[in-house]
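What follows is a short report on a single structure.
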Amino acid sequence: MTDRHDAHGYITDVAYPAHFHREIMPVWLVCTLQALGRHMPDLRQPFTWLELGCGMGLSTLVAAACHPQGRFIGVDFSAREIDTARQLAQQAGLHNVEFVCESLSETAAHALGTGTPDCDFIVTHGVYSWISEADRQAIDRCIEQRLRPGGIAYVAYMSHPGSASFAAAQKLMRMASQHLPGDSASRARSSMNLLQHLARNGAGYFIEHPAIQREMERADQMDDAYMAHEFLNAEWHSLHVSDVMARFAAAGCEYAGSATLLDNIDAISIPAQMQPVLAQMQRQGADAAALETTRDIARNQNQRRDLYQKTAPHGNRLGPDAHRCALLAQQVMRLPAASAADALSAPSELVLQTRIGPVAVPMPQLTPLLQALRQGPCHYADLARLPAYARNPGFISQLLQVLVWNGWLHFMPPPFPVASASAQTLQAVLAQAGFGQWQLLPEAGTAIEKMKKMPGQNT
């Protein structure tokens with residue numbers, strides 16, 4: 001029988017499916033920091049962006065094609081995935097991106113020397129919960145040594161309390177799959193079928209934890225190879241936000257907020273009856289760890305996309321006037337999903353599918369903004385002059401975050417020469433390689449998935 005794992009117990013016999021993550025794009029990160037009232041890297045200037053655990057490099061490639069002024073580095077231990085990423089970059093003629101095949105411990109060792117440049121962004125998605133403690137420490141060292149003051153670190157991980165209850169199911173999936181025939185993808189599907197059989201026959205675990213069945217329904221829709229990487233690795237850790245905060249504090253970083261935009265807006269992401277509790281905790285001086293733990297419990301959070309900022313000598317928070325100026329300078333554009341929604345019968349509300357269930361936003365709050373953007377991209381300052389928002393221009397920030405998260409709008413980068421030719425070439429290369437479902441939008445510094453609803457879009 002062939003070995004399905006490398007020395008660290010990570011699935012290697014089936015490739016990790018290529019995914020694009022909009023939340024790690026430079027424009028998304030910078031505009032999120034602006035909304036949170038923080039200083040941010042200037043995308044008009046040269047910058048360096050490092051992805052740890054890049055896989056086939058889809059997100060890294062899109063970011064490089066959209067930002068010719070940036071330097072992009074993708075690191076992964078899988079030679080197969082790195083070879084694919086290098087081939088795609090070469091075919092697209094991208095000269096501002098490089099892919100490195102090495103382990104996290106090797107990257108951390110370079111971070112202590114001169115091999116790794118200082119970075120404005122260090123991002124890692126789908127890695128931190130699926131690696132050993134030694135490898136998590138390696139990521140921490142990279143961020144401590146190579147993230148510039150004021151730089152942004154993004155880390156996505158499975159979190160308490162939502163994912164913790166699935167630990168027993170994951171353990172069974174891995175144990176049950178050990179002696180099954182076939183590759184890891186087929187064994188993942190077989191072990192998921194076992195869980196479903198137990199649930200149908202009244203196993204007490206599923207009765208006591210109904211959320212597990214919802215997680216199984218989500219997992220059942222996964223590509224089998226992705227399911228294998230999600231559930232069959234030797235390392236599988238649900239992490240508590242306070243512990244992650246402590247780790248990043250030791251690396252010289254302070255918690256800034258979430259790259260999941262709705263999670264920064266308590267009025268939408270927290271049950272109404274919980275909001276006064278949070279407000280009271282804030283008045284009593286509760287720290288960020290206690291507040292985020294309370295939010296996670298309120299939402300039964302199962303995944304977090306944390307943003308941390310390296311502490312800068314001058315501080316990372318904007319003053320009120322500077323924050324206001326940063327917001328007014330933001331530019332936003334409509335995406336095809338908003339135009340598709342226009343073709344539907346006009347609803348009275350936009351229903352967002354969130355962790356706490358459906359949340360309705362009255363359309364009269366959104367309509368003036370959406371109508372203004374039909375004419376083309378607008379600055380926040382233009383929207384603030386609309387009569388509907390004249391008395392409360394600060395409300396626009398929340399509306400923009402809601403609509404960007406919902407996939408109807410997207411923030412735009414500051415003016416710089418956009419590499420439209422590189423983006424067009426990469427688009428053709430990705431289509432030829434079987435990734436044609438992604439449409440690059442260099443004017444927004446991102447990509448969107450074609451012909452599918454974005455999160456929360458009305459049916």
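By order of appearance in the structure tokens: chains A, B, ..., then residues from 1 within every chain, and ligands from 1 in the order shown.
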Might you pull out every residue within 9 Å of stretch 303-308 of chain A, with only C-alpha atoms counted and same-chain residues fewer than 3 positions away left off, and present them as a PDB file with C-alpha atoms, in the first residue's frame?
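The result, stored in selection.pdb:
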```
ATOM      1  CA  GLU A  23     -10.230  37.948   1.912  1.00  0.00           C
ATOM      2  CA  LEU A  29      -7.156  43.727   3.618  1.00  0.00           C
ATOM      3  CA  LEU A  33      -8.175  48.100   8.049  1.00  0.00           C
ATOM      4  CA  HIS A 125      -5.408  30.302   4.909  1.00  0.00           C
ATOM      5  CA  GLY A 151       2.134  45.291   8.366  1.00  0.00           C
ATOM      6  CA  ILE A 152      -0.890  42.992   8.231  1.00  0.00           C
ATOM      7  CA  ALA A 153      -1.006  39.313   9.175  1.00  0.00           C
ATOM      8  CA  TYR A 154      -4.011  37.238   8.163  1.00  0.00           C
ATOM      9  CA  VAL A 155      -4.633  33.830   9.703  1.00  0.00           C
ATOM     10  CA  ALA A 156      -7.682  31.606   9.160  1.00  0.00           C
ATOM     11  CA  TYR A 157      -8.314  28.687  11.486  1.00  0.00           C
ATOM     12  CA  MET A 158     -10.985  26.441  12.995  1.00  0.00           C
ATOM     13  CA  SER A 159     -12.203  28.021  16.187  1.00  0.00           C
ATOM     14  CA  HIS A 160     -13.983  27.334  19.427  1.00  0.00           C
ATOM     15  CA  GLY A 162     -18.257  25.825  16.685  1.00  0.00           C
ATOM     16  CA  SER A 163     -15.626  23.426  15.353  1.00  0.00           C
ATOM     17  CA  SER A 238      -9.799  23.689  16.918  1.00  0.00           C
ATOM     18  CA  VAL A 241      -9.235  32.911  19.826  1.00  0.00           C
ATOM     19  CA  MET A 245      -4.241  36.350  20.210  1.00  0.00           C
ATOM     20  CA  PHE A 248       0.433  36.887  17.923  1.00  0.00           C
ATOM     21  CA  ALA A 249       0.993  39.298  20.799  1.00  0.00           C
ATOM     22  CA  CYS A 253       1.178  41.965  16.753  1.00  0.00           C
ATOM     23  CA  GLU A 254      -2.099  43.371  18.033  1.00  0.00           C
ATOM     24  CA  TYR A 255      -5.532  42.078  17.112  1.00  0.00           C
ATOM     25  CA  ALA A 256      -7.176  44.391  14.557  1.00  0.00           C
ATOM     26  CA  GLY A 257     -10.426  42.676  13.563  1.00  0.00           C
ATOM     27  CA  SER A 258     -11.814  40.106  11.169  1.00  0.00           C
ATOM     28  CA  ALA A 259     -11.380  39.771   7.426  1.00  0.00           C
ATOM     29  CA  THR A 260     -14.969  38.465   7.440  1.00  0.00           C
ATOM     30  CA  ASP A 296     -17.591  33.463  19.189  1.00  0.00           C
TER      31      ASP A 296
END
```
Would you list the contacts of A:Ser105 as a list in words, taking every protein, DNA or RNA residue within 8 Å and counting only C-alpha atoms, but skipping same-chain residues closer than 6 positions in sequence?
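Close residues of A:Ser105: Ala134, Asp135 and Ala138 of chain A.
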Skipping near chain neighbours, those fewer than 2 positions away, what residues fall within 7 Å of A:Ser59 using only C-alpha atoms, listed as a compact mmCIF listing (two decimals) with C-alpha atoms, in the first residue's frame?
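File produced: result.txt:
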```
# COMPACT_ATOMS: atom_id res chain seq x y z
CA PHE A 20 -9.25 31.57 -4.47
CA HIS A 21 -9.70 33.51 -1.23
CA GLY A 57 -0.98 29.47 -5.89
CA LEU A 61 -1.25 34.56 -8.96
CA VAL A 62 -4.39 36.71 -9.02
CA ALA A 63 -2.89 39.18 -6.55
```
Members of stretch 163-367 of chain A assigned strand (DSSP E) by DSSP, as a ChimeraX atom specification
/A:253-258,303-310,331-334,349-354,357-362
For the residues in the current selection, export N, CA and C atoms as a PDB file, in the first residue's frame.
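File written: part-v3.pdb
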```pdb
ATOM      1  N   CYS A 253       2.345  41.543  17.517  1.00  0.00           N
ATOM      2  CA  CYS A 253       1.178  41.965  16.753  1.00  0.00           C
ATOM      3  C   CYS A 253      -0.027  42.178  17.665  1.00  0.00           C
ATOM      4  N   GLU A 254      -0.865  43.125  17.298  1.00  0.00           N
ATOM      5  CA  GLU A 254      -2.099  43.371  18.033  1.00  0.00           C
ATOM      6  C   GLU A 254      -3.289  42.972  17.171  1.00  0.00           C
ATOM      7  N   TYR A 255      -4.330  42.477  17.837  1.00  0.00           N
ATOM      8  CA  TYR A 255      -5.532  42.078  17.112  1.00  0.00           C
ATOM      9  C   TYR A 255      -6.214  43.316  16.531  1.00  0.00           C
ATOM     10  N   ALA A 256      -6.556  43.247  15.230  1.00  0.00           N
ATOM     11  CA  ALA A 256      -7.176  44.391  14.557  1.00  0.00           C
ATOM     12  C   ALA A 256      -8.650  44.167  14.266  1.00  0.00           C
ATOM     13  N   GLY A 257      -9.041  42.946  13.931  1.00  0.00           N
ATOM     14  CA  GLY A 257     -10.426  42.676  13.563  1.00  0.00           C
ATOM     15  C   GLY A 257     -10.492  41.426  12.720  1.00  0.00           C
ATOM     16  N   SER A 258     -11.589  41.287  11.994  1.00  0.00           N
ATOM     17  CA  SER A 258     -11.814  40.106  11.169  1.00  0.00           C
ATOM     18  C   SER A 258     -11.821  40.478   9.695  1.00  0.00           C
ATOM     19  N   GLN A 303     -15.146  29.048  12.360  1.00  0.00           N
ATOM     20  CA  GLN A 303     -13.938  29.447  11.639  1.00  0.00           C
ATOM     21  C   GLN A 303     -13.735  30.941  11.822  1.00  0.00           C
ATOM     22  N   ARG A 304     -12.500  31.313  12.024  1.00  0.00           N
ATOM     23  CA  ARG A 304     -12.158  32.727  12.136  1.00  0.00           C
ATOM     24  C   ARG A 304     -11.159  33.105  11.045  1.00  0.00           C
ATOM     25  N   ARG A 305     -11.274  34.353  10.606  1.00  0.00           N
ATOM     26  CA  ARG A 305     -10.297  34.939   9.685  1.00  0.00           C
ATOM     27  C   ARG A 305      -9.763  36.191  10.373  1.00  0.00           C
ATOM     28  N   ASP A 306      -8.773  36.001  11.215  1.00  0.00           N
ATOM     29  CA  ASP A 306      -8.260  37.091  12.048  1.00  0.00           C
ATOM     30  C   ASP A 306      -7.289  37.977  11.278  1.00  0.00           C
ATOM     31  N   LEU A 307      -7.316  39.261  11.606  1.00  0.00           N
ATOM     32  CA  LEU A 307      -6.337  40.224  11.123  1.00  0.00           C
ATOM     33  C   LEU A 307      -5.550  40.749  12.314  1.00  0.00           C
ATOM     34  N   TYR A 308      -4.235  40.693  12.189  1.00  0.00           N
ATOM     35  CA  TYR A 308      -3.335  41.236  13.196  1.00  0.00           C
ATOM     36  C   TYR A 308      -2.437  42.265  12.538  1.00  0.00           C
ATOM     37  N   GLN A 309      -2.018  43.236  13.330  1.00  0.00           N
ATOM     38  CA  GLN A 309      -1.164  44.286  12.800  1.00  0.00           C
ATOM     39  C   GLN A 309       0.077  44.404  13.671  1.00  0.00           C
ATOM     40  N   LYS A 310       1.227  44.407  13.008  1.00  0.00           N
ATOM     41  CA  LYS A 310       2.494  44.546  13.737  1.00  0.00           C
ATOM     42  C   LYS A 310       2.536  45.927  14.380  1.00  0.00           C
ATOM     43  N   GLN A 331     -12.930  54.050  -2.693  1.00  0.00           N
ATOM     44  CA  GLN A 331     -13.706  53.970  -3.930  1.00  0.00           C
ATOM     45  C   GLN A 331     -14.289  52.569  -4.038  1.00  0.00           C
ATOM     46  N   VAL A 332     -15.508  52.488  -4.563  1.00  0.00           N
ATOM     47  CA  VAL A 332     -16.205  51.215  -4.623  1.00  0.00           C
ATOM     48  C   VAL A 332     -16.895  51.075  -5.974  1.00  0.00           C
ATOM     49  N   MET A 333     -17.059  49.826  -6.422  1.00  0.00           N
ATOM     50  CA  MET A 333     -17.690  49.550  -7.708  1.00  0.00           C
ATOM     51  C   MET A 333     -18.720  48.436  -7.543  1.00  0.00           C
ATOM     52  N   ARG A 334     -19.689  48.416  -8.457  1.00  0.00           N
ATOM     53  CA  ARG A 334     -20.677  47.332  -8.491  1.00  0.00           C
ATOM     54  C   ARG A 334     -20.063  46.096  -9.141  1.00  0.00           C
ATOM     55  N   GLU A 349     -36.347  43.722   1.187  1.00  0.00           N
ATOM     56  CA  GLU A 349     -35.194  43.607   2.070  1.00  0.00           C
ATOM     57  C   GLU A 349     -34.159  42.677   1.449  1.00  0.00           C
ATOM     58  N   LEU A 350     -32.925  42.884   1.830  1.00  0.00           N
ATOM     59  CA  LEU A 350     -31.839  41.987   1.457  1.00  0.00           C
ATOM     60  C   LEU A 350     -31.621  41.037   2.625  1.00  0.00           C
ATOM     61  N   VAL A 351     -31.733  39.747   2.391  1.00  0.00           N
ATOM     62  CA  VAL A 351     -31.590  38.761   3.451  1.00  0.00           C
ATOM     63  C   VAL A 351     -30.187  38.164   3.386  1.00  0.00           C
ATOM     64  N   LEU A 352     -29.430  38.371   4.448  1.00  0.00           N
ATOM     65  CA  LEU A 352     -28.067  37.871   4.547  1.00  0.00           C
ATOM     66  C   LEU A 352     -28.085  36.554   5.317  1.00  0.00           C
ATOM     67  N   GLN A 353     -27.438  35.541   4.772  1.00  0.00           N
ATOM     68  CA  GLN A 353     -27.341  34.253   5.453  1.00  0.00           C
ATOM     69  C   GLN A 353     -26.078  34.264   6.304  1.00  0.00           C
ATOM     70  N   THR A 354     -26.244  34.399   7.609  1.00  0.00           N
ATOM     71  CA  THR A 354     -25.117  34.598   8.510  1.00  0.00           C
ATOM     72  C   THR A 354     -24.998  33.446   9.496  1.00  0.00           C
ATOM     73  N   GLY A 357     -28.042  33.020  11.543  1.00  0.00           N
ATOM     74  CA  GLY A 357     -29.277  32.834  10.801  1.00  0.00           C
ATOM     75  C   GLY A 357     -29.532  33.987   9.847  1.00  0.00           C
ATOM     76  N   PRO A 358     -30.682  33.993   9.186  1.00  0.00           N
ATOM     77  CA  PRO A 358     -30.986  35.069   8.235  1.00  0.00           C
ATOM     78  C   PRO A 358     -31.094  36.419   8.946  1.00  0.00           C
ATOM     79  N   VAL A 359     -30.449  37.432   8.364  1.00  0.00           N
ATOM     80  CA  VAL A 359     -30.525  38.804   8.873  1.00  0.00           C
ATOM     81  C   VAL A 359     -31.004  39.681   7.728  1.00  0.00           C
ATOM     82  N   ALA A 360     -32.070  40.422   7.969  1.00  0.00           N
ATOM     83  CA  ALA A 360     -32.676  41.247   6.918  1.00  0.00           C
ATOM     84  C   ALA A 360     -32.191  42.686   7.016  1.00  0.00           C
ATOM     85  N   VAL A 361     -31.804  43.245   5.872  1.00  0.00           N
ATOM     86  CA  VAL A 361     -31.438  44.662   5.769  1.00  0.00           C
ATOM     87  C   VAL A 361     -32.471  45.326   4.865  1.00  0.00           C
ATOM     88  N   PRO A 362     -33.203  46.317   5.337  1.00  0.00           N
ATOM     89  CA  PRO A 362     -34.226  46.962   4.495  1.00  0.00           C
ATOM     90  C   PRO A 362     -33.612  47.550   3.231  1.00  0.00           C
TER      91      PRO A 362
END
```
Which residue, A:Leu291, A:Val14, A:Ala111, A:Leu327, has the smallest gap to A:Gly182 when you use only C-alpha atoms?
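When distances to A:Gly182 are compared using only C-alpha atoms, the smallest one comes from A:Val14.
With only C-alpha atoms as the basis for measurement, A:Ser242 is the residue among A:Ser242, A:Ala168, A:Gln90, A:Val100 that approaches A:Asp287 most closely.
Running DSSP on the backbone and keeping only alpha helix (DSSP H), the residues of stretch 391-432 of chain A that qualify are Phe395, Ile396, Ser397, Gln398, Leu399, Leu400, Gln401, Val402, Leu403, Val404, Trp405, Ser420, Ala421, Ser422, Ala423, Gln424, Thr425, Leu426, Gln427, Ala428, Val429, Leu430, Ala431 and Gln432 of chain A.
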Could you dump the residues just selected with N, CA and C atoms as a short mmCIF file (atom, residue, chain, number, x, y, z; two decimals), in the first residue's frame?
```cif
data_model
loop_
_atom_site.label_atom_id
_atom_site.label_comp_id
_atom_site.auth_asym_id
_atom_site.auth_seq_id
_atom_site.Cartn_x
_atom_site.Cartn_y
_atom_site.Cartn_z
N PHE A 395 -22.86 55.85 8.48
CA PHE A 395 -23.60 54.62 8.24
C PHE A 395 -23.19 53.96 6.92
N ILE A 396 -22.69 54.77 6.00
CA ILE A 396 -22.29 54.24 4.69
C ILE A 396 -21.22 53.17 4.85
N SER A 397 -20.31 53.35 5.80
CA SER A 397 -19.23 52.37 5.97
C SER A 397 -19.79 50.99 6.23
N GLN A 398 -20.79 50.89 7.11
CA GLN A 398 -21.39 49.59 7.39
C GLN A 398 -22.12 49.04 6.17
N LEU A 399 -22.82 49.91 5.43
CA LEU A 399 -23.52 49.45 4.23
C LEU A 399 -22.54 48.90 3.20
N LEU A 400 -21.43 49.59 3.03
CA LEU A 400 -20.43 49.13 2.07
C LEU A 400 -19.87 47.78 2.48
N GLN A 401 -19.57 47.62 3.75
CA GLN A 401 -19.03 46.34 4.22
C GLN A 401 -20.04 45.21 4.01
N VAL A 402 -21.31 45.48 4.27
CA VAL A 402 -22.34 44.47 4.05
C VAL A 402 -22.40 44.07 2.58
N LEU A 403 -22.40 45.06 1.70
CA LEU A 403 -22.57 44.78 0.27
C LEU A 403 -21.31 44.19 -0.35
N VAL A 404 -20.14 44.54 0.17
CA VAL A 404 -18.91 43.90 -0.30
C VAL A 404 -18.89 42.45 0.15
N TRP A 405 -19.21 42.19 1.41
CA TRP A 405 -19.28 40.80 1.89
C TRP A 405 -20.30 40.00 1.08
N SER A 420 -3.55 45.29 -16.57
CA SER A 420 -4.69 44.66 -17.24
C SER A 420 -4.24 43.59 -18.23
N ALA A 421 -3.09 43.83 -18.90
CA ALA A 421 -2.60 42.84 -19.85
C ALA A 421 -2.20 41.56 -19.13
N SER A 422 -1.54 41.69 -17.99
CA SER A 422 -1.16 40.50 -17.21
C SER A 422 -2.39 39.76 -16.74
N ALA A 423 -3.41 40.53 -16.30
CA ALA A 423 -4.64 39.89 -15.83
C ALA A 423 -5.33 39.15 -16.97
N GLN A 424 -5.37 39.74 -18.15
CA GLN A 424 -6.00 39.08 -19.29
C GLN A 424 -5.26 37.80 -19.67
N THR A 425 -3.93 37.87 -19.63
CA THR A 425 -3.14 36.68 -19.96
C THR A 425 -3.35 35.59 -18.93
N LEU A 426 -3.33 35.97 -17.64
CA LEU A 426 -3.56 34.98 -16.59
C LEU A 426 -4.95 34.38 -16.72
N GLN A 427 -5.94 35.20 -17.08
CA GLN A 427 -7.30 34.70 -17.26
C GLN A 427 -7.31 33.57 -18.29
N ALA A 428 -6.63 33.78 -19.40
CA ALA A 428 -6.60 32.75 -20.44
C ALA A 428 -5.85 31.51 -19.97
N VAL A 429 -4.76 31.71 -19.24
CA VAL A 429 -3.98 30.58 -18.74
C VAL A 429 -4.80 29.76 -17.75
N LEU A 430 -5.51 30.43 -16.85
CA LEU A 430 -6.32 29.72 -15.87
C LEU A 430 -7.44 28.94 -16.54
N ALA A 431 -8.05 29.55 -17.56
CA ALA A 431 -9.12 28.85 -18.28
C ALA A 431 -8.59 27.58 -18.93
N GLN A 432 -7.41 27.67 -19.53
CA GLN A 432 -6.81 26.51 -20.18
C GLN A 432 -6.46 25.44 -19.16
#
```
What does the distance from atom CA of A:Gln145 to atom CA of A:Asp120 come to in Å, to one decimal?
12.1 Å
Near stretch 45-49 of chain A, counting only C-alpha atoms, which residues have an atom at most 6 Å away, once you skip same-chain residues fewer than 3 positions from it, shown as a PyMOL selection string?
chain A and resi 42+69-72+119-122
Serialized selection, C-alpha atoms, as a short mmCIF file (atom, residue, chain, number, x, y, z; two decimals), in the first residue's frame:
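The file below, again27.cif, is the result:
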```
data_model
loop_
_atom_site.label_atom_id
_atom_site.label_comp_id
_atom_site.auth_asym_id
_atom_site.auth_seq_id
_atom_site.Cartn_x
_atom_site.Cartn_y
_atom_site.Cartn_z
CA ASP A 42 0.09 52.15 0.90
CA GLN A 69 3.89 47.29 -8.06
CA GLY A 70 3.92 44.43 -5.55
CA ARG A 71 6.26 41.51 -5.00
CA PHE A 72 4.45 38.23 -4.30
CA CYS A 119 6.80 41.89 4.27
CA ASP A 120 3.84 44.25 4.32
CA PHE A 121 1.42 41.30 4.24
CA ILE A 122 1.81 37.74 5.52
#
```
Could you give me, as a ChimeraX atom specification, the residues within 10 Å of A:His209, counting only C-alpha atoms and dropping anything in the same chain fewer than 5 positions from it?
/A:165-166,204,214
Restricting it to N, CA and C atoms, dump the selection as a short mmCIF file (atom, residue, chain, number, x, y, z; two decimals), in the first residue's frame.
```cif
data_model
loop_
_atom_site.label_atom_id
_atom_site.label_comp_id
_atom_site.auth_asym_id
_atom_site.auth_seq_id
_atom_site.Cartn_x
_atom_site.Cartn_y
_atom_site.Cartn_z
N SER A 165 -16.75 20.79 18.65
CA SER A 165 -17.63 19.63 18.82
C SER A 165 -17.47 18.62 17.69
N PHE A 166 -16.85 19.00 16.57
CA PHE A 166 -16.67 18.07 15.45
C PHE A 166 -15.41 17.22 15.63
N GLY A 204 -26.14 8.90 19.79
CA GLY A 204 -26.38 9.96 20.75
C GLY A 204 -25.55 11.21 20.52
N ARG A 214 -25.35 19.61 10.57
CA ARG A 214 -25.23 20.72 9.60
C ARG A 214 -23.82 20.75 9.01
#
```
Between atom CA of A:Pro442 and atom CA of A:Leu88 lies a distance of 17.6 Å
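In this model, the gap between atom CA of A:Trp28 and atom CA of A:Trp130 comes to 24.8 Å.
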Fewer than 2 positions away in the same chain doesn't count, so skip those; otherwise give me all residues within 7 Å of A:Ile448, counting only C-alpha atoms, as a VMD selection string.
chain A and resid 438 to 440 446 450
Output file for the residues above (C-alpha atoms, as a compact mmCIF listing (two decimals), in the first residue's frame):
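Produced file part-v4.txt, reproduced below:
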```txt
# COMPACT_ATOMS: atom_id res chain seq x y z
CA TRP A 438 -12.72 32.57 -11.87
CA GLN A 439 -13.03 35.95 -13.54
CA LEU A 440 -10.24 38.40 -12.80
CA THR A 446 -9.57 40.58 -7.08
CA LYS A 450 -18.70 33.11 -12.44
```
